Amino acid sequence: MSPPAARRRSQFIDAVIDDYAAAHSTPPDAHQLELQRVTLEKTGRAAGMQIGDDQAVLMEMIVRAMGATRAVEIGTFTGYSALAVARGLGPGGRLLCCDVSQEWTSIARQAWQDAGVADRIELRVGPGLETLRSLPPGEQFDFAFIDADKTGYAQYYEEVLTRLRPGGLILLDNMLQGGRVTGDLVDDESVAAIRSINDAIAADPRVKVVLIPVGDGVSFVQKLGDRQ
Ligand SMILES: C[S@@+](CC[C@H](N)C(=O)[O-])C[C@H]1O[C@@H](n2cnc3c(N)ncnc32)[C@H](O)[C@@H]1O
């Protein structure tokens, strides 16, 4: 069965343009398609939480272009975004994945095994904030992806930023909340949390940020060095 079309595309780009862009981008391979199929079969509507195919290609390319070898993900679900990041890692690279769900991450473990990237990934099941705070003080990252509970983003951002090397990147997902971040009448704690972190990051002198309307909006945050 094909995954729902809406999951694959940006919510903010004209459908005709988006189809054209998809037709001229690297498509998901057999392992990615199988993971999408299994996720839909086993999790139903929750499958819509997977990042889109375009975002997966983009993340894999960025991780590879950076020469990243140390990466962290908060919010792994069934492992689709982690598969993209793991594939982009340089030799000896490691990805730390954090998620609270044993059930969903068991699907991820199988998919990583099948795709031949399991040896690069360490999965910790438990609250992401606790996992981040338990890391040794010297643990540093080149790349981070934040895609878990939206009310936790501000704390994940701070924890990850302190451990990011200068020049490193944090990507944060769902930063447009289906467009609801721009409305006045929204009474939703996730939207409120995302508005707040968007404002905070835009005013943060430690970083440069660009919020791109791919998927549900992805913020690319780069940590600046002392001379930048
Ligand atoms: C949007 S999904 C992640 C999708 C995934 N990045 C992908 O592309 O397939 C959000 C995930 O965050 C996890 N999550 C929710 N609260 C969490 C927490 N406090 N710590 C870690 N993970 C959490 C959920 O279990 C869920 O799997």
# chains A, B, ... in the order shown; residues from 1 in each chain; ligands from 1
>>> residues_near_ligand(ligand="ligand 1", cutoff="10 Å", atoms="only C-alpha atoms and all ligand atoms", output="MDAnalysis selection string")
chainID A and resid 35:36 39 46:53 55:56 73:84 97:105 108 124:132 145:153 156 173:174
>>> closest_residue(among="A:Glu158, A:Leu58, A:Gly138, A:Tyr20", to="Asp204 in chain A", atoms="only C-alpha atoms")
A:Glu158
>>> select_by_dssp(residues="range 28-181 of chain A", states="helix (DSSP H, G or I)", output="number ranges by chain")
A: 30-49, 53-66, 80-88, 102-115, 118-120, 128-133, 150-162, 177-181
>>> atom_distance(atom1="CA of Gly225 in chain A", atom2="CA of Glu122 in chain A")
28.3 Å
>>> select_by_dssp(residues="range 7-139 of chain A", states="strand (DSSP E or B)", output="PyMOL selection string")
chain A and resi 70-74+94-99+121-125
